[in-house]
Amino acid sequence: MKKWLVILMSLLTMMVLAACTANEDAGKEKDDSGSDDGAEAAEEDSGEKVLYLNNSKEPTSFDPAIGFDAQSWNSLNNLMEGLTRLGEDHTPEAAIAEDWDVSEDGKTYTFHLRENANWSNGDPVTSDDFVYAWERLLDPETGSAAAFLGYFIEGGEDFNSGEGSADDLGLTAVDDKTFEVQLENPTGYFLHVLTNPAFFPVNKAVAEDNPDWHTEADSFVSNGPFALETWKHDDEMMMVKNEEYWDADTVKLDKVHWAMVDNENTEYQMYQSDELDASDIPADLSDELIDGDDVAMEEQGGLEFYRFNVNEEPFTNKKIRKAFALAANREEIAQYVVKNGVEPAFGFVSPGFTSPDDGDFRDANGDLVTFEPDEAKKLLAEGMEEEGYDELPPVTLSYSTDDTNKAIAESLQNMFSDALDVDVTLENKEWNVFQEEQKELKHQLSRSSFLFDYADPINFLESFITDSSMNRTGWSNEAYDQLIKDAKAEKDEGKRWDLMYEAEALLAEEMPLFPIRYYNQVEVIKDGVTGILRHPVGYLELKHADVE
Amino acid sequence: MLRYILKRLLIMIVTIWIIVTLTFVLMISIPGSPFNSERGTNENVQANLEAHYNLDKPYHIQYLLYLKSIATFDFGPSIKQPGQTVNDLLGRGFPVSLELGLVTIIVAVISGIILGILAALKHNGILDYAAMSFAVLGISIPNFVLATLLIQELAVNWQIFPPATWSSPAHMVLPVIALATGPMAIIARLTRSTMLEVLTQDYIKMARAKGLSPWKIVVKHALRNALMPVITIMGTLLASILTGTFVIEKIFAIPGMGKYFVESINQRDYPVIMGTTVFYSTFLIFMLFLVDIAYGILDPRIKINKKGGE
C-alpha cells in the first residue's frame with residue numbers, strides 16, 4: 001500500500017509541476033504573442049505580401065479526383081491549373097494549353113500545351129500527366145464523386161460504370177506537349193468544363209512513386225500560381241508563389257495563409273481583429289453589415305428550390321403543383337428571410353449564362369414562376385375538382401435541420417395558408433437522414449439546392465431527366481428527356497439554346513419542382529486587398545489578388 | 001491488489017466490446033450514407049465508393065472487419081478525409097485536446113479548491129458569498145456563451161489575446177478560461193460543502209486542541225477528506241475534457257479531436273465513428289479505474305485488496 005502511495009504521490013507531484021510550468025508559460029504568453037505579431041509585422045516590413053484567408057474546414061482532399069467540394073477546390077484551384085482557367089471576365093482562357101484546335105464535328109479537341117508549363121518540382125507538365133489524371137478520375141477503382149464530369153469524354157461513362165476499359169477512353173497523348181480528346185457529343189462549353197479542378201493534371205511520375213503525394217505539403221507538387229509550403233492538417237496552410245508557374249509574373253502575392261475556422265462568428269471576429277483579410281457575414285449581422293463599404297458581392301450560379309413528389313397525392317396533379325408554386329412570394333423570402341442581398345428566382349436557370357447571340361438565358365426565357373395568389377387559388381380549385389377531392393389530402397413540407405431552411409419553410413407555410421387556405425405540416429430531419437429519404441421519395445414537398453459545376457444551363461436542366469440521381473421527384477417526361485438528349489447532341493449552338501429554352505419552359509409547365517431564390521457570394525474584404533476573384537460558376541481565384 | 005486489477009481489466013475489455021457492438025448496431029441503424037450529397041451521387045459512383053470502403057459487404061462481415069480493426073488498433077482510412085487514416089486523425093487531434101484539457105483541469109482544480117477552501121473557512125462571510133456567487137455564475141453560463149463573450153471583449157474590443165486558432169501559448173488563454181470556469185465552479189462548491197462538514201468533525205477539534213496551526217489543520221487533515229467527492233467527479237471530467245470538447249474547439253478553431261466525435265456521426269464516416277468511440281470509451285473506463293485506485297489510497301477505509309479477494 002505504501003508503495004502505491006509513493007507512486008501516486010510522485011505522479012501527482014509531477015502533474016503539479018507540469019501545471020506550474022504550464023502556468024509559467026501562461027504568464028509569458030503576452031510576450032510571446034507580442035513577438036509573434038512582431039514577426040508578422042517584420043514580414044510585412046520586408047515587403048512580403050501575405051493574404052490571410054479562411055478555408056473554414058480542412059480540405060477533404062487535394063487529390064483533384066477526390067476533393068469534390070468547395071473547401072477542397074477553392075484552395076486547390078490556386079495550387080493547380082488545368083488546360084484552361086477562368087479569366088477576370090469569368091470565361092475560360094488559355095492556361096496550361098497555349099491553344100487548341102477543334103475538329104469540324106466539334107467532337108475532337110487537340111490541345112497544345114505550353115513549352116514552359118512546369119510542375120513546382122521542375123518537371124514539365126506533359127500530356128501524359130493529363131491522360132493519367134483523367135483516367136484516374138474515371139477509373140471505378142478511384143471512387144471519385146466527380147467522375148460524372150468526365151462522361152463528356154468518349155467511353156467515360158462506360159469505363160466508370162465498369163463496362164468499358166481505360167483503353168477505350170478518347171484520350172491520346174500525341175506527343176509530350178500535344179493532347180487529344182475525343183468527346184461523346186459536340187460540347188460547346190467543354191472549355192469551361194475543363195476549368196473544373198476534376199480536370200487538373202497529376203504529375204504521373206510523382207503519383208506513381210508515392211500515391212499519397214497529395215496528403216502532405218512536403219510531397220505536394222503543383223502546377224498553378226501557388227505552391228504548398230506547409231499544411232498543418234485541420235489547423236492551417238501556407239501557400240507561396242510558385243516560381244515555376246508559367247505566368248508567375250502576373251502573380252502579385254508572395255504568400256497566402258489559410259486558417260481553418262469553422263464558425264462564422266469567430267471568423268468575423270478574427271476579421272475584426274485583423275487576423276483575416278476577408279470573412280463571410282454572420283447571418284445575425286447581415287442587416288447591419290450588408291450595406292458596408294467593405295462588402296463584396298458576386299452572383300453564384302445555382303438555385304434553392306422545393307421538390308414535389310409527383311407520385312404522392314395531392315402532387316400527382318399538375319394544377320395543384322402549380323398552385324403551390326404560384327402561392328409562394330419569392331420576393332419576400334429573398335428580401336426578408338434569406339437576406340444578404342440574394343435575388344428571388346422566377347425561373348429555374350440562374351442569370352449569368354450568355355447565349356450565342358450575347359443575351360442572357362434568364363432574360364430570354366423570362367419569368368416563368370411568379371407570385372400570383374389569385375391564379376394559385378383558381379388552379380387549386382380546378383386541380384381538386386379534377387382529382388375529385390372535397391378536401392386536400394394532408395401535405396407535409398420537409399427540410400433538413402438548419403436555421404435558414406426553417407425560416408423559409410415557416411414563411412412558405414404562412415404563404416400557403418394565406419393564398420390557398422391550406423395548412424401544411426412542417427417536418428425537419430437531420431441532413432443525412434433527409435437526403436436518404438428524399439432519394440427514396442419519402443417526402444411530399446422538400447427543400448433542395450443546386451450549384452452549377454460548369455457554366456452551361458444543361459448542367460441544371462439535365463438533372464430532371466428520368467431516373468437522374470438529381471431528379472428525386474419521381475417525375476418522368478418523355479418530351480423533356482428527348483429535349484435534353486437533342487440539346488446534348490446538337491452541334492449548332494443557336495439550336496441547342498432553343499432546345500434548352502424549351503426544356504425550361506416545359507419544366508415550368510409541369511412544375512415537378514418550384515424555385516425559391518438564386519445564390520450569391522457575399523463577403524467583407526479589408527481595405528487594400530484587391531483582385532480576389534469569385535466566379536459565378538467556378539472556384540476562388542487568387543492569381544490576380546494583391547495586398548497593399 | 002494485482003488480482004483486483006486483473007479483474008478490472010477483464011471487465012474493461014468486456015465493457016469496451018459491448019460499447020463497440022452497440023455503436024456498430026446504432027451506426028448501421030441510422031439512415032444515411034457517407035456518400036449522400038445534395039447533388040445526388042451517381043449510382044455507378046456510389047457503388048464504386050461502397051465497394052472501396054467494404055460497405056457493400058453484409059453486416060456481419062463488416063462487424064467482423066470492425067472488430068479486427070479494433071483489435072489491431074488500425075481503424076483504416078477515413079471516408080470523408082481520404083488519404084488520412086483514423087489513426088492519423090486521432091494521432092494529431094488528441095495531443096492538442098490533451099494539452100488544452102490538462103491545462104484546463106489544472107486551472108480548474110487548483111482555483112476550484114482554493115475558492116472552496118476560502119469559502120468554507122470564511123463561512124457566511126463576504127468572501128464565501130462572493131466565491132459562491134461566482135461559482136453559481138460559472139455553472140450557469142454555458143461555456144460557448146462565455147467563449148463568444150471572451151472573444152468579443154478580450155480579443156476584438158481590447159485586443160489583449162488572439163481571438164482564435166492554435167499556434168502560441170497566448171492562444172490558449174481564452175479557451176482555457178472558457179473551458180475551466182464550469183468545472184472550477186463545480187469543484188469549488190463540492191470542496192466548500194465537504195470542507196464545512198469535515199471542519200466540524202471531532203478529529204479536527206482534536207487537532208485544534210493539540211494547538212496545530214489552522215493552515216496545517218486545513219491542508220494536512222481537512223483537505224484530504226474534503227477531496228473525496230472531487231476525486232469522484234475527476235474521472236469523468238478528465239475523460240471528457242482531455243478527449244476534446246466539440247463546441248469550444250469549434251469556436252476557437254482548435255485542431256483537437258472534439259470535432260471528430262460529432263462530425264463523423266453527421267457525415268456517417270463509419271471508421272471515424274468507431275475509432276473515436278473506442279478511443280473515448282477506453283479512456284473514460286481507464287480514468288474511472290484510476291479514480292477507484294485513488295480512493296483506496298486517499299481513504300484507508302476503502303480496502304481494495306479485500307474487495308478484490310472476495
# chains A, B, ... in the order shown; residues from 1 in each chain; ligands from 1
call {"tool": "residues_around", "arguments": {"residues": "Leu118 of chain B", "least_positions_apart": "5", "cutoff": "12 Å", "atoms": "only C-alpha atoms", "output": "list in words"}}
result
Ser111, Gly112, Ile113, His123, Asn124, Gly125, Ile126, Leu127, Asp128, Tyr129, Ala130, Ala131, Met132, Ala188, Arg189, Thr191, Arg192, Ser193, Met195, Leu196, Trp215, Val218 and Leu223 of chain B
call {"tool": "residues_around", "arguments": {"residues": "Met12 of chain B", "least_positions_apart": "2", "cutoff": "10 Å", "atoms": "only C-alpha atoms", "output": "MDAnalysis selection string"}}
result
chainID B and resid 6:10 14:18 281:282 285:286 289
call {"tool": "write_last_selection", "arguments": {"atoms": "C-alpha atoms", "output": "compact mmCIF listing (two decimals), in the first residue's frame"}}
result
# COMPACT_ATOMS: atom_id res chain seq x y z
CA LEU B 6 -6.65 -8.06 -13.49
CA LYS B 7 -10.33 -8.48 -12.77
CA ARG B 8 -10.95 -4.85 -13.55
CA LEU B 9 -9.00 -5.15 -16.79
CA LEU B 10 -11.12 -8.07 -17.87
CA VAL B 14 -15.94 -6.77 -21.91
CA THR B 15 -17.32 -3.26 -21.43
CA ILE B 16 -15.46 -1.99 -24.48
CA TRP B 17 -16.73 -4.92 -26.52
CA ILE B 18 -20.30 -4.10 -25.51
CA SER B 281 -14.66 4.79 -24.02
CA THR B 282 -11.31 3.18 -23.33
CA ILE B 285 -13.04 3.49 -18.39
CA PHE B 286 -9.35 3.79 -17.64
CA PHE B 289 -10.30 2.80 -12.88
call {"tool": "residues_around", "arguments": {"residues": "segment 178-189 of chain A", "least_positions_apart": "2", "cutoff": "10 Å", "atoms": "only C-alpha atoms", "output": "PyMOL selection string"}}
result
chain A and resi 83+92+97+100-114+126-131+150-157+169-176+191-194+454-456+458+487-493+496
call {"tool": "write_last_selection", "arguments": {"atoms": "C-alpha atoms", "output": "tab-separated table (two decimals), in the first residue's frame"}}
result
chain	number	residue	atom	x	y	z
A	83	LEU	CA	-5.86	23.19	-69.72
A	92	PRO	CA	-12.20	30.28	-69.94
A	97	ALA	CA	-2.87	24.71	-73.01
A	100	TRP	CA	-6.22	24.26	-79.28
A	101	ASP	CA	-7.91	23.04	-82.44
A	102	VAL	CA	-11.47	21.81	-82.59
A	103	SER	CA	-12.47	19.37	-85.30
A	104	GLU	CA	-15.23	20.08	-87.80
A	105	ASP	CA	-17.80	17.95	-85.93
A	106	GLY	CA	-16.91	19.61	-82.60
A	107	LYS	CA	-16.01	16.27	-81.04
A	108	THR	CA	-12.22	16.29	-81.18
A	109	TYR	CA	-10.15	18.81	-79.25
A	110	THR	CA	-6.40	18.94	-79.80
A	111	PHE	CA	-4.61	20.89	-77.07
A	112	HIS	CA	-1.09	22.27	-77.42
A	113	LEU	CA	0.49	22.52	-74.02
A	114	ARG	CA	2.82	25.37	-73.15
A	126	THR	CA	3.11	16.72	-70.23
A	127	SER	CA	0.09	15.31	-71.99
A	128	ASP	CA	0.77	12.04	-70.16
A	129	ASP	CA	0.03	13.83	-66.90
A	130	PHE	CA	-3.41	14.72	-68.23
A	131	VAL	CA	-4.12	11.23	-69.56
A	150	GLY	CA	-15.76	13.04	-67.20
A	151	TYR	CA	-18.73	11.49	-69.00
A	152	PHE	CA	-18.23	14.07	-71.75
A	153	ILE	CA	-15.19	12.09	-72.80
A	154	GLU	CA	-15.74	9.26	-75.22
A	155	GLY	CA	-16.05	5.98	-73.32
A	156	GLY	CA	-16.05	7.83	-69.98
A	157	GLU	CA	-19.38	6.61	-68.68
A	169	LEU	CA	-11.26	6.33	-73.49
A	170	GLY	CA	-10.96	9.12	-76.04
A	171	LEU	CA	-7.68	10.36	-74.58
A	172	THR	CA	-4.49	10.40	-76.61
A	173	ALA	CA	-1.08	11.79	-75.75
A	174	VAL	CA	0.09	12.55	-79.30
A	175	ASP	CA	3.44	13.74	-78.00
A	176	ASP	CA	4.74	15.29	-74.79
A	191	LEU	CA	-13.50	24.64	-72.42
A	192	HIS	CA	-15.41	25.82	-69.36
A	193	VAL	CA	-15.82	22.26	-68.09
A	194	LEU	CA	-12.03	21.95	-68.27
A	454	TYR	CA	-19.77	24.21	-65.15
A	455	ALA	CA	-21.23	27.21	-66.88
A	456	ASP	CA	-23.96	25.82	-69.07
A	458	ILE	CA	-27.70	21.99	-69.34
A	487	ALA	CA	-29.68	19.50	-76.85
A	488	LYS	CA	-26.68	17.43	-75.82
A	489	ALA	CA	-26.19	16.11	-79.33
A	490	GLU	CA	-26.85	19.42	-81.11
A	491	LYS	CA	-23.81	20.95	-82.75
A	492	ASP	CA	-25.38	24.28	-83.66
A	493	GLU	CA	-25.23	26.48	-80.57
A	496	ARG	CA	-29.05	23.96	-78.77
call {"tool": "residues_around", "arguments": {"residues": "Leu190 of chain B", "least_positions_apart": "3", "cutoff": "7 Å", "atoms": "only C-alpha atoms", "output": "VMD selection string"}}
result
chain B and resid 186 to 187 193 to 194 229 to 230
call {"tool": "closest_residue", "arguments": {"among": "B:Ile254, B:Met184, B:Val20, B:Leu238", "to": "chain A", "atoms": "only C-alpha atoms"}}
result
B:Ile254
call {"tool": "select_by_dssp", "arguments": {"residues": "segment 45-237 of chain B", "states": "alpha helix (DSSP H)", "output": "number ranges by chain"}}
result
B: 45-52, 59-71, 86-121, 126-140, 143-150, 170-199, 202-209, 214-216, 223-226, 228-237
call {"tool": "write_last_selection", "arguments": {"atoms": "C-alpha atoms", "output": "tab-separated table (two decimals), in the first residue's frame"}}
result
chain	number	residue	atom	x	y	z
B	45	VAL	CA	-20.03	6.24	-58.39
B	46	GLN	CA	-21.93	5.30	-55.24
B	47	ALA	CA	-21.46	1.60	-55.99
B	48	ASN	CA	-17.74	2.13	-56.59
B	49	LEU	CA	-17.34	4.05	-53.37
B	50	GLU	CA	-19.23	1.48	-51.32
B	51	ALA	CA	-17.09	-1.29	-52.73
B	52	HIS	CA	-13.98	0.73	-51.98
B	59	TYR	CA	-23.34	-6.51	-41.94
B	60	HIS	CA	-21.82	-9.47	-40.11
B	61	ILE	CA	-18.72	-9.28	-42.30
B	62	GLN	CA	-18.49	-5.54	-41.69
B	63	TYR	CA	-18.84	-6.19	-37.97
B	64	LEU	CA	-16.01	-8.70	-38.01
B	65	LEU	CA	-13.87	-6.27	-40.00
B	66	TYR	CA	-14.53	-3.63	-37.37
B	67	LEU	CA	-13.65	-5.98	-34.53
B	68	LYS	CA	-10.46	-6.83	-36.34
B	69	SER	CA	-9.57	-3.19	-36.82
B	70	ILE	CA	-10.19	-2.51	-33.14
B	71	ALA	CA	-8.12	-5.49	-32.02
B	86	VAL	CA	-8.40	7.37	-38.42
B	87	ASN	CA	-5.16	6.83	-36.53
B	88	ASP	CA	-3.76	9.96	-38.22
B	89	LEU	CA	-6.79	11.98	-37.10
B	90	LEU	CA	-6.60	10.72	-33.51
B	91	GLY	CA	-2.82	10.99	-33.50
B	92	ARG	CA	-2.83	14.68	-34.31
B	93	GLY	CA	-6.10	15.67	-32.64
B	94	PHE	CA	-5.57	14.00	-29.29
B	95	PRO	CA	-2.30	15.74	-28.29
B	96	VAL	CA	-3.93	19.11	-28.91
B	97	SER	CA	-7.03	18.20	-26.91
B	98	LEU	CA	-4.82	16.70	-24.22
B	99	GLU	CA	-2.74	19.86	-23.94
B	100	LEU	CA	-5.80	22.08	-23.72
B	101	GLY	CA	-7.51	19.64	-21.37
B	102	LEU	CA	-4.59	19.25	-18.97
B	103	VAL	CA	-4.12	22.98	-18.59
B	104	THR	CA	-7.87	23.39	-18.15
B	105	ILE	CA	-8.08	20.66	-15.49
B	106	ILE	CA	-5.12	22.04	-13.60
B	107	VAL	CA	-6.51	25.55	-13.63
B	108	ALA	CA	-9.98	24.31	-12.68
B	109	VAL	CA	-8.80	22.05	-9.86
B	110	ILE	CA	-6.37	24.48	-8.27
B	111	SER	CA	-8.62	27.51	-8.47
B	112	GLY	CA	-11.71	25.49	-7.58
B	113	ILE	CA	-10.14	24.01	-4.46
B	114	ILE	CA	-8.73	27.33	-3.35
B	115	LEU	CA	-12.08	29.04	-3.83
B	116	GLY	CA	-13.84	26.22	-1.98
B	117	ILE	CA	-11.47	26.30	0.98
B	118	LEU	CA	-11.66	30.06	1.25
B	119	ALA	CA	-15.45	29.93	1.15
B	120	ALA	CA	-15.56	27.22	3.80
B	121	LEU	CA	-13.13	28.94	6.11
B	126	ILE	CA	-18.38	38.15	2.32
B	127	LEU	CA	-15.69	36.00	0.79
B	128	ASP	CA	-17.97	32.96	0.99
B	129	TYR	CA	-20.82	34.76	-0.73
B	130	ALA	CA	-18.54	36.23	-3.36
B	131	ALA	CA	-16.92	32.88	-4.13
B	132	MET	CA	-20.24	31.07	-4.27
B	133	SER	CA	-21.98	33.67	-6.44
B	134	PHE	CA	-19.03	33.37	-8.76
B	135	ALA	CA	-19.42	29.60	-8.72
B	136	VAL	CA	-23.13	29.78	-9.46
B	137	LEU	CA	-22.40	32.09	-12.38
B	138	GLY	CA	-19.74	29.69	-13.60
B	139	ILE	CA	-22.14	26.76	-13.51
B	140	SER	CA	-25.00	28.62	-15.13
B	143	ASN	CA	-19.09	27.66	-21.95
B	144	PHE	CA	-19.90	28.58	-25.55
B	145	VAL	CA	-21.62	31.77	-24.43
B	146	LEU	CA	-18.65	32.60	-22.22
B	147	ALA	CA	-16.33	31.81	-25.14
B	148	THR	CA	-18.05	34.20	-27.53
B	149	LEU	CA	-18.15	36.87	-24.84
B	150	LEU	CA	-14.45	36.43	-24.09
B	170	ALA	CA	-1.40	33.15	-25.86
B	171	HIS	CA	-3.96	31.37	-27.98
B	172	MET	CA	-4.60	29.06	-25.06
B	173	VAL	CA	-5.78	31.66	-22.58
B	174	LEU	CA	-9.33	32.28	-23.76
B	175	PRO	CA	-10.30	28.67	-24.45
B	176	VAL	CA	-8.84	27.60	-21.10
B	177	ILE	CA	-10.86	30.24	-19.26
B	178	ALA	CA	-13.99	29.29	-21.15
B	179	LEU	CA	-13.50	25.59	-20.50
B	180	ALA	CA	-12.25	25.76	-16.92
B	181	THR	CA	-14.94	28.03	-15.48
B	182	GLY	CA	-17.65	25.37	-15.31
B	183	PRO	CA	-15.59	22.56	-13.73
B	184	MET	CA	-13.93	25.09	-11.43
B	185	ALA	CA	-17.32	26.20	-10.13
B	186	ILE	CA	-18.42	22.61	-9.56
B	187	ILE	CA	-15.20	21.77	-7.75
B	188	ALA	CA	-15.41	24.91	-5.65
B	189	ARG	CA	-18.93	24.08	-4.48
B	190	LEU	CA	-18.07	20.47	-3.75
B	191	THR	CA	-14.96	21.40	-1.83
B	192	ARG	CA	-16.81	24.02	0.17
B	193	SER	CA	-19.64	21.75	1.27
B	194	THR	CA	-17.49	18.77	2.23
B	195	MET	CA	-14.96	21.06	3.85
B	196	LEU	CA	-17.67	22.58	6.00
B	197	GLU	CA	-18.73	19.14	7.06
B	198	VAL	CA	-15.23	17.94	7.77
B	199	LEU	CA	-14.32	21.05	9.74
B	202	ASP	CA	-14.18	15.66	16.17
B	203	TYR	CA	-10.74	14.93	14.82
B	204	ILE	CA	-10.46	18.48	13.60
B	205	LYS	CA	-11.43	19.76	17.03
B	206	MET	CA	-8.85	17.40	18.40
B	207	ALA	CA	-6.23	18.80	16.07
B	208	ARG	CA	-7.17	22.31	17.10
B	209	ALA	CA	-6.98	21.31	20.72
B	214	PRO	CA	-5.09	26.50	11.20
B	215	TRP	CA	-3.13	26.19	7.98
B	216	LYS	CA	-1.78	22.79	8.97
B	223	LEU	CA	-8.42	18.75	2.81
B	224	ARG	CA	-7.62	15.09	2.35
B	225	ASN	CA	-11.10	14.08	3.37
B	226	ALA	CA	-12.74	17.01	1.69
B	228	MET	CA	-13.06	12.64	-1.90
B	229	PRO	CA	-16.07	13.94	-3.84
B	230	VAL	CA	-13.77	15.95	-6.08
B	231	ILE	CA	-11.85	12.79	-6.90
B	232	THR	CA	-15.15	11.11	-7.73
B	233	ILE	CA	-16.04	13.56	-10.46
B	234	MET	CA	-12.46	13.80	-11.71
B	235	GLY	CA	-12.69	10.56	-13.70
B	236	THR	CA	-15.48	11.65	-15.98
B	237	LEU	CA	-14.26	15.22	-16.03
call {"tool": "residues_around", "arguments": {"residues": "segment 270-277 of chain B", "least_positions_apart": "6", "cutoff": "7 Å", "atoms": "only C-alpha atoms", "output": "list in words"}}
result
Phe75, Gly76, Ser78, Val86, Phe261 and Ser264 of chain B
call {"tool": "residues_around", "arguments": {"residues": "Arg268 of chain B", "least_positions_apart": "3", "cutoff": "7 Å", "atoms": "only C-alpha atoms", "output": "ChimeraX atom specification"}}
result
/B:33-34,264-265
call {"tool": "write_last_selection", "arguments": {"atoms": "N, CA and C atoms", "output": "PDB file, in the first residue's frame"}}
result
ATOM      1  N   SER B  33     -25.875   7.821 -45.502  1.00  0.00           N
ATOM      2  CA  SER B  33     -24.670   7.198 -46.023  1.00  0.00           C
ATOM      3  C   SER B  33     -23.592   8.267 -46.118  1.00  0.00           C
ATOM      4  N   PRO B  34     -22.326   7.869 -45.986  1.00  0.00           N
ATOM      5  CA  PRO B  34     -21.267   8.879 -46.097  1.00  0.00           C
ATOM      6  C   PRO B  34     -21.221   9.515 -47.483  1.00  0.00           C
ATOM      7  N   SER B 264     -18.105  13.142 -37.439  1.00  0.00           N
ATOM      8  CA  SER B 264     -18.082  11.805 -38.039  1.00  0.00           C
ATOM      9  C   SER B 264     -19.492  11.218 -38.034  1.00  0.00           C
ATOM     10  N   ILE B 265     -20.256  11.530 -37.005  1.00  0.00           N
ATOM     11  CA  ILE B 265     -21.619  10.985 -36.948  1.00  0.00           C
ATOM     12  C   ILE B 265     -22.497  11.680 -37.987  1.00  0.00           C
TER      13      ILE B 265
END
call {"tool": "closest_residue", "arguments": {"among": "B:Leu22, B:Ile28, B:Ile248, B:Ala155", "to": "chain A", "atoms": "only C-alpha atoms"}}
result
B:Ala155
call {"tool": "residues_around", "arguments": {"residues": "segment 248-264 of chain A", "least_positions_apart": "2", "cutoff": "9 Å", "atoms": "only C-alpha atoms", "output": "number ranges by chain"}}
result
A: 48-58, 75, 224-226, 234-246, 266-269, 276, 279-283, 542-547; B: 164-165, 250-255
call {"tool": "decode", "arguments": {"residues": "segment 35-97 of chain B", "atoms": "C-alpha atoms", "output": "PDB file, in the first residue's frame"}}
result
ATOM      1  CA  PHE B  35     -21.763   9.400 -49.825  1.00  0.00           C
ATOM      2  CA  ASN B  36     -25.019  11.311 -49.716  1.00  0.00           C
ATOM      3  CA  SER B  37     -24.830  14.747 -51.209  1.00  0.00           C
ATOM      4  CA  GLU B  38     -27.195  17.497 -52.166  1.00  0.00           C
ATOM      5  CA  ARG B  39     -26.033  16.899 -55.713  1.00  0.00           C
ATOM      6  CA  GLY B  40     -27.211  13.309 -55.676  1.00  0.00           C
ATOM      7  CA  THR B  41     -24.443  10.806 -56.125  1.00  0.00           C
ATOM      8  CA  ASN B  42     -24.472   8.947 -59.389  1.00  0.00           C
ATOM      9  CA  GLU B  43     -25.329   5.268 -58.926  1.00  0.00           C
ATOM     10  CA  ASN B  44     -22.119   3.968 -60.511  1.00  0.00           C
ATOM     11  CA  VAL B  45     -20.029   6.238 -58.390  1.00  0.00           C
ATOM     12  CA  GLN B  46     -21.926   5.299 -55.245  1.00  0.00           C
ATOM     13  CA  ALA B  47     -21.460   1.601 -55.992  1.00  0.00           C
ATOM     14  CA  ASN B  48     -17.738   2.126 -56.594  1.00  0.00           C
ATOM     15  CA  LEU B  49     -17.342   4.050 -53.374  1.00  0.00           C
ATOM     16  CA  GLU B  50     -19.230   1.483 -51.320  1.00  0.00           C
ATOM     17  CA  ALA B  51     -17.094  -1.293 -52.730  1.00  0.00           C
ATOM     18  CA  HIS B  52     -13.982   0.729 -51.978  1.00  0.00           C
ATOM     19  CA  TYR B  53     -14.844   1.010 -48.269  1.00  0.00           C
ATOM     20  CA  ASN B  54     -16.297  -2.521 -47.861  1.00  0.00           C
ATOM     21  CA  LEU B  55     -19.756  -1.059 -47.268  1.00  0.00           C
ATOM     22  CA  ASP B  56     -21.252  -3.394 -49.848  1.00  0.00           C
ATOM     23  CA  LYS B  57     -20.437  -6.395 -47.676  1.00  0.00           C
ATOM     24  CA  PRO B  58     -23.080  -7.987 -45.436  1.00  0.00           C
ATOM     25  CA  TYR B  59     -23.341  -6.514 -41.940  1.00  0.00           C
ATOM     26  CA  HIS B  60     -21.823  -9.465 -40.114  1.00  0.00           C
ATOM     27  CA  ILE B  61     -18.718  -9.284 -42.296  1.00  0.00           C
ATOM     28  CA  GLN B  62     -18.488  -5.536 -41.689  1.00  0.00           C
ATOM     29  CA  TYR B  63     -18.839  -6.189 -37.969  1.00  0.00           C
ATOM     30  CA  LEU B  64     -16.012  -8.704 -38.011  1.00  0.00           C
ATOM     31  CA  LEU B  65     -13.869  -6.275 -40.001  1.00  0.00           C
ATOM     32  CA  TYR B  66     -14.534  -3.625 -37.367  1.00  0.00           C
ATOM     33  CA  LEU B  67     -13.646  -5.980 -34.530  1.00  0.00           C
ATOM     34  CA  LYS B  68     -10.463  -6.830 -36.342  1.00  0.00           C
ATOM     35  CA  SER B  69      -9.569  -3.187 -36.825  1.00  0.00           C
ATOM     36  CA  ILE B  70     -10.190  -2.513 -33.143  1.00  0.00           C
ATOM     37  CA  ALA B  71      -8.124  -5.491 -32.023  1.00  0.00           C
ATOM     38  CA  THR B  72      -5.211  -4.285 -34.131  1.00  0.00           C
ATOM     39  CA  PHE B  73      -5.754  -0.587 -33.303  1.00  0.00           C
ATOM     40  CA  ASP B  74      -5.838   0.149 -37.005  1.00  0.00           C
ATOM     41  CA  PHE B  75      -9.135   1.767 -37.895  1.00  0.00           C
ATOM     42  CA  GLY B  76      -8.315   2.201 -41.550  1.00  0.00           C
ATOM     43  CA  PRO B  77      -8.820   5.270 -43.714  1.00  0.00           C
ATOM     44  CA  SER B  78     -11.385   7.966 -43.009  1.00  0.00           C
ATOM     45  CA  ILE B  79     -14.140   8.017 -45.618  1.00  0.00           C
ATOM     46  CA  LYS B  80     -14.675  11.762 -45.600  1.00  0.00           C
ATOM     47  CA  GLN B  81     -10.986  12.652 -45.454  1.00  0.00           C
ATOM     48  CA  PRO B  82      -9.456  10.172 -47.873  1.00  0.00           C
ATOM     49  CA  GLY B  83      -5.705   9.917 -47.609  1.00  0.00           C
ATOM     50  CA  GLN B  84      -5.964  10.264 -43.835  1.00  0.00           C
ATOM     51  CA  THR B  85      -6.345   7.259 -41.589  1.00  0.00           C
ATOM     52  CA  VAL B  86      -8.397   7.366 -38.425  1.00  0.00           C
ATOM     53  CA  ASN B  87      -5.157   6.832 -36.534  1.00  0.00           C
ATOM     54  CA  ASP B  88      -3.755   9.962 -38.215  1.00  0.00           C
ATOM     55  CA  LEU B  89      -6.789  11.980 -37.101  1.00  0.00           C
ATOM     56  CA  LEU B  90      -6.601  10.720 -33.514  1.00  0.00           C
ATOM     57  CA  GLY B  91      -2.823  10.989 -33.505  1.00  0.00           C
ATOM     58  CA  ARG B  92      -2.831  14.681 -34.314  1.00  0.00           C
ATOM     59  CA  GLY B  93      -6.102  15.669 -32.637  1.00  0.00           C
ATOM     60  CA  PHE B  94      -5.575  14.004 -29.291  1.00  0.00           C
ATOM     61  CA  PRO B  95      -2.302  15.741 -28.291  1.00  0.00           C
ATOM     62  CA  VAL B  96      -3.928  19.107 -28.909  1.00  0.00           C
ATOM     63  CA  SER B  97      -7.026  18.204 -26.912  1.00  0.00           C
TER      64      SER B  97
END
